[in-house]
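Okay, structure first, notes after.
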Amino acid sequence: MHFRVGLTGGVACGKSTVSQLFSELGVTIIDADVIARKLLEKDTDCYKQVIELFGNDITFSDGEINRALLRDLVFSDTTAKHQLEKILHPSVREQMLALAETSETAYCIFVVPLLVEADMLDLVDRILVIDIPEATQLERLIKRDKLTKSQAQNILNNQATRQQRMQVANDLIDNQNDINSLKDKVEELHHFYRELALKYNASC
């Protein structure tokens with residue numbers, strides 16, 4: 001059993017940057033989005049279930065799922081969103097736990113954007129939230145994904161609020177500062193998590 005830190009935060013808050021910094025320190029990173037993408041690759045069980053549910057209109061001509069179209073669909077239709085999550089989340093959970101068992105580092109990080117929304121809090125021993133103000137988040141999302149303001153706002157509206165994430169956070173990174181400040185904070189937390197992991201592992 002490994003000590004597991006859940007890294008979460010709203011879309012465009014900088015989770016990938018923070019997880020990369022932890023990775024550079026040698027920490028095992030297990031990313032729910034990466035696993036979900038693999039689960040939706042052509043001809044997998046999850047892929048077949050998604051096609052059965054949404055039809056071939058959700059695919060490109062080569063049969064691969066059009067992820068942008070799927071994203072737009074689930075963020076505009078709550079029922080579709082829940083149906084997709086019902087297909088993906090059990091397999092994501094299972095694979096994350098299996099990967100954690102093979103980790104050789106003192107602790108591992110589960111990067112789960114929907115940690116709160118998907119009720120996956122039980123997967124982790126501690127929660128690190130990456131936070132920025134919503135106005136900054138909206139601006140970054142529009143720029144990154146080339147979305148309209150209404151599209152970006154719709155995505156934010158489908159996620160947990162800042163307050164909901166703050167309520168479950170054990171640790172917080174304010175990601176409004178420069179990269180050097182971010183590196184310092186990550187290194188500080190890395191040492192802290194290693195100490196916690198040693199105590200945790202000794203008690204198991």
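Labels used: A, B, ... for chains in the order of the structure tokens, numbers from 1 for residues in each chain, and numbers from 1 for ligands as shown.
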
List every residue of region 88-123 of chain A that has an atom at most 10 Å from any atom of region 179-197 of chain A, and for each one report the closest atom pair and its distance in Å to one decimal, counting only C-alpha atoms, with rows sorted by chain and then by increasing residue number, as a Markdown table.
| residue | atom | partner | partner_atom | distance |
| --- | --- | --- | --- | --- |
| A:Thr105 | CA | A:Arg194 | CA | 9.2 |
| A:Ala106 | CA | A:Ala197 | CA | 5.9 |
| A:Tyr107 | CA | A:Ala197 | CA | 5.9 |
| A:Cys108 | CA | A:Ala197 | CA | 9.4 |

Review point. Within 10 Å of Pro133 (chain A), counting only C-alpha atoms, which residues qualify if same-chain residues fewer than 3 places away don't, as JSON, numbers by chain?
Key: {"A": [10, 13, 136, 137, 138, 162, 174, 175, 176]}

Exercise for review: In Å, rounded to a single decimal, give me how far CA of Ala202 (chain A) is from CA of Gly6 (chain A).
Suggested key: 20.6 Å

Practice item. Find the spatial neighbours of region 59-71 of chain A, counting only C-alpha atoms, within a cut-off of 8 Å - ignore same-chain residues fewer than 6 positions away - and output them as a PyMOL selection string. Key: chain A and resi 40-42+47

Could the residues in this selection be saved with N, CA and C atoms as a PDB file, in the first residue's frame?
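Dumped to out-v9.pdb:
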ATOM      1  N   LEU A  40     -10.430   5.072 -24.137  1.00  0.00           N
ATOM      2  CA  LEU A  40     -11.298   5.433 -25.254  1.00  0.00           C
ATOM      3  C   LEU A  40     -10.647   5.182 -26.619  1.00  0.00           C
ATOM      4  N   GLU A  41      -9.469   4.548 -26.615  1.00  0.00           N
ATOM      5  CA  GLU A  41      -8.834   4.224 -27.890  1.00  0.00           C
ATOM      6  C   GLU A  41      -9.674   3.194 -28.634  1.00  0.00           C
ATOM      7  N   LYS A  42      -9.549   3.213 -29.946  1.00  0.00           N
ATOM      8  CA  LYS A  42     -10.396   2.397 -30.817  1.00  0.00           C
ATOM      9  C   LYS A  42     -10.380   0.916 -30.430  1.00  0.00           C
ATOM     10  N   TYR A  47     -14.470   2.064 -25.394  1.00  0.00           N
ATOM     11  CA  TYR A  47     -14.741   2.661 -26.709  1.00  0.00           C
ATOM     12  C   TYR A  47     -16.054   2.093 -27.271  1.00  0.00           C
TER      13      TYR A  47
END

Practice item. Looking only at alpha helix (DSSP H) from DSSP on the backbone, list the matching residues of region 4-188 of chain A as a VMD selection string. Key: chain A and resid 15 to 24 32 to 39 45 to 54 67 to 76 78 to 101 134 to 145 149 to 157 162 to 168 179 to 188

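Straight-line separation from CA of Met96 (chain A) to CA of Gln167 (chain A): 23.8 Å.
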
Exercise for review: For Arg93 (chain A), work out the shell of residues within 12 Å, counting only C-alpha atoms and skipping chain neighbours fewer than 2 positions away, then give it as a ChimeraX atom specification.
Suggested key: /A:30-33,35-36,39,85-91,95-100,110-112,114-115,118-124

Selection from above, N, CA and C atoms, as an mmCIF file, in the first residue's frame, can you write it?
data_model
loop_
_atom_site.group_PDB
_atom_site.id
_atom_site.type_symbol
_atom_site.label_atom_id
_atom_site.label_comp_id
_atom_site.auth_asym_id
_atom_site.auth_seq_id
_atom_site.Cartn_x
_atom_site.Cartn_y
_atom_site.Cartn_z
ATOM 1 N N ILE A 30 0.385 9.396 -11.640
ATOM 2 C CA ILE A 30 -0.655 8.562 -12.242
ATOM 3 C C ILE A 30 -1.818 9.495 -12.590
ATOM 4 N N ASP A 31 -2.013 9.702 -13.891
ATOM 5 C CA ASP A 31 -2.926 10.733 -14.378
ATOM 6 C C ASP A 31 -4.234 10.109 -14.876
ATOM 7 N N ALA A 32 -5.338 10.496 -14.249
ATOM 8 C CA ALA A 32 -6.647 9.939 -14.618
ATOM 9 C C ALA A 32 -7.015 10.262 -16.061
ATOM 10 N N ASP A 33 -6.664 11.454 -16.530
ATOM 11 C CA ASP A 33 -6.994 11.837 -17.908
ATOM 12 C C ASP A 33 -6.240 10.992 -18.930
ATOM 13 N N ILE A 35 -5.201 7.934 -18.466
ATOM 14 C CA ILE A 35 -5.838 6.610 -18.434
ATOM 15 C C ILE A 35 -7.158 6.635 -19.203
ATOM 16 N N ALA A 36 -7.956 7.687 -18.990
ATOM 17 C CA ALA A 36 -9.249 7.800 -19.679
ATOM 18 C C ALA A 36 -9.073 7.861 -21.188
ATOM 19 N N LEU A 39 -8.420 4.441 -22.421
ATOM 20 C CA LEU A 39 -9.636 3.632 -22.338
ATOM 21 C C LEU A 39 -10.568 3.887 -23.521
ATOM 22 N N GLU A 85 -19.415 9.008 -17.587
ATOM 23 C CA GLU A 85 -18.689 8.769 -16.338
ATOM 24 C C GLU A 85 -18.944 7.356 -15.808
ATOM 25 N N LYS A 86 -20.159 6.880 -15.989
ATOM 26 C CA LYS A 86 -20.509 5.527 -15.533
ATOM 27 C C LYS A 86 -19.699 4.472 -16.277
ATOM 28 N N ILE A 87 -19.380 4.769 -17.551
ATOM 29 C CA ILE A 87 -18.565 3.853 -18.358
ATOM 30 C C ILE A 87 -17.103 3.926 -17.942
ATOM 31 N N LEU A 88 -16.598 5.152 -17.790
ATOM 32 C CA LEU A 88 -15.158 5.343 -17.613
ATOM 33 C C LEU A 88 -14.654 5.222 -16.175
ATOM 34 N N HIS A 89 -15.376 5.814 -15.230
ATOM 35 C CA HIS A 89 -14.814 5.968 -13.886
ATOM 36 C C HIS A 89 -14.432 4.668 -13.179
ATOM 37 N N PRO A 90 -15.238 3.605 -13.253
ATOM 38 C CA PRO A 90 -14.816 2.372 -12.574
ATOM 39 C C PRO A 90 -13.481 1.841 -13.104
ATOM 40 N N SER A 91 -13.289 1.897 -14.427
ATOM 41 C CA SER A 91 -12.034 1.408 -15.021
ATOM 42 C C SER A 91 -10.868 2.325 -14.683
ATOM 43 N N GLN A 95 -7.523 1.042 -12.669
ATOM 44 C CA GLN A 95 -6.183 1.143 -13.242
ATOM 45 C C GLN A 95 -5.268 2.032 -12.408
ATOM 46 N N MET A 96 -5.821 3.079 -11.820
ATOM 47 C CA MET A 96 -4.996 3.953 -10.977
ATOM 48 C C MET A 96 -4.463 3.195 -9.763
ATOM 49 N N LEU A 97 -5.319 2.439 -9.133
ATOM 50 C CA LEU A 97 -4.901 1.671 -7.952
ATOM 51 C C LEU A 97 -3.874 0.604 -8.321
ATOM 52 N N ALA A 98 -4.073 -0.031 -9.472
ATOM 53 C CA ALA A 98 -3.126 -1.058 -9.925
ATOM 54 C C ALA A 98 -1.756 -0.445 -10.200
ATOM 55 N N LEU A 99 -1.735 0.726 -10.830
ATOM 56 C CA LEU A 99 -0.461 1.404 -11.115
ATOM 57 C C LEU A 99 0.226 1.852 -9.828
ATOM 58 N N ALA A 100 -0.559 2.272 -8.845
ATOM 59 C CA ALA A 100 0.015 2.710 -7.564
ATOM 60 C C ALA A 100 0.750 1.560 -6.885
ATOM 61 N N PHE A 110 -1.813 10.998 -7.599
ATOM 62 C CA PHE A 110 -2.941 10.759 -8.490
ATOM 63 C C PHE A 110 -3.411 12.115 -9.004
ATOM 64 N N VAL A 111 -3.245 12.368 -10.296
ATOM 65 C CA VAL A 111 -3.761 13.608 -10.872
ATOM 66 C C VAL A 111 -5.190 13.331 -11.329
ATOM 67 N N VAL A 112 -6.147 13.899 -10.594
ATOM 68 C CA VAL A 112 -7.566 13.633 -10.885
ATOM 69 C C VAL A 112 -8.324 14.958 -10.932
ATOM 70 N N LEU A 114 -11.304 15.597 -11.668
ATOM 71 C CA LEU A 114 -12.660 15.478 -11.112
ATOM 72 C C LEU A 114 -12.672 14.715 -9.791
ATOM 73 N N LEU A 115 -11.626 14.892 -9.006
ATOM 74 C CA LEU A 115 -11.519 14.169 -7.729
ATOM 75 C C LEU A 115 -12.753 14.393 -6.856
ATOM 76 N N ALA A 118 -16.229 13.371 -9.065
ATOM 77 C CA ALA A 118 -16.373 11.927 -9.333
ATOM 78 C C ALA A 118 -16.389 11.101 -8.051
ATOM 79 N N ASP A 119 -16.362 11.792 -6.905
ATOM 80 C CA ASP A 119 -16.404 11.107 -5.608
ATOM 81 C C ASP A 119 -15.285 10.079 -5.482
ATOM 82 N N MET A 120 -14.060 10.532 -5.807
ATOM 83 C CA MET A 120 -12.891 9.647 -5.732
ATOM 84 C C MET A 120 -11.988 10.006 -4.549
ATOM 85 N N LEU A 121 -12.521 10.730 -3.591
ATOM 86 C CA LEU A 121 -11.713 11.164 -2.446
ATOM 87 C C LEU A 121 -11.147 9.982 -1.668
ATOM 88 N N ASP A 122 -11.863 8.854 -1.701
ATOM 89 C CA ASP A 122 -11.416 7.677 -0.953
ATOM 90 C C ASP A 122 -10.167 7.032 -1.553
ATOM 91 N N LEU A 123 -9.787 7.442 -2.768
ATOM 92 C CA LEU A 123 -8.608 6.863 -3.417
ATOM 93 C C LEU A 123 -7.300 7.390 -2.838
ATOM 94 N N VAL A 124 -7.368 8.533 -2.148
ATOM 95 C CA VAL A 124 -6.135 9.206 -1.744
ATOM 96 C C VAL A 124 -6.065 9.427 -0.237
#

Exercise for review: Rank nothing, just name the residue among A:Asp178, A:Glu134, A:Glu52, A:Glu117 nearest to Thr8 (chain A), using only C-alpha atoms.
Suggested key: A:Glu117

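Distances here use only C-alpha atoms; by that measure, the residue among A:Asn201, A:Asn157, A:Ile29, A:Val5 closest to Ser103 (chain A) is A:Ile29.
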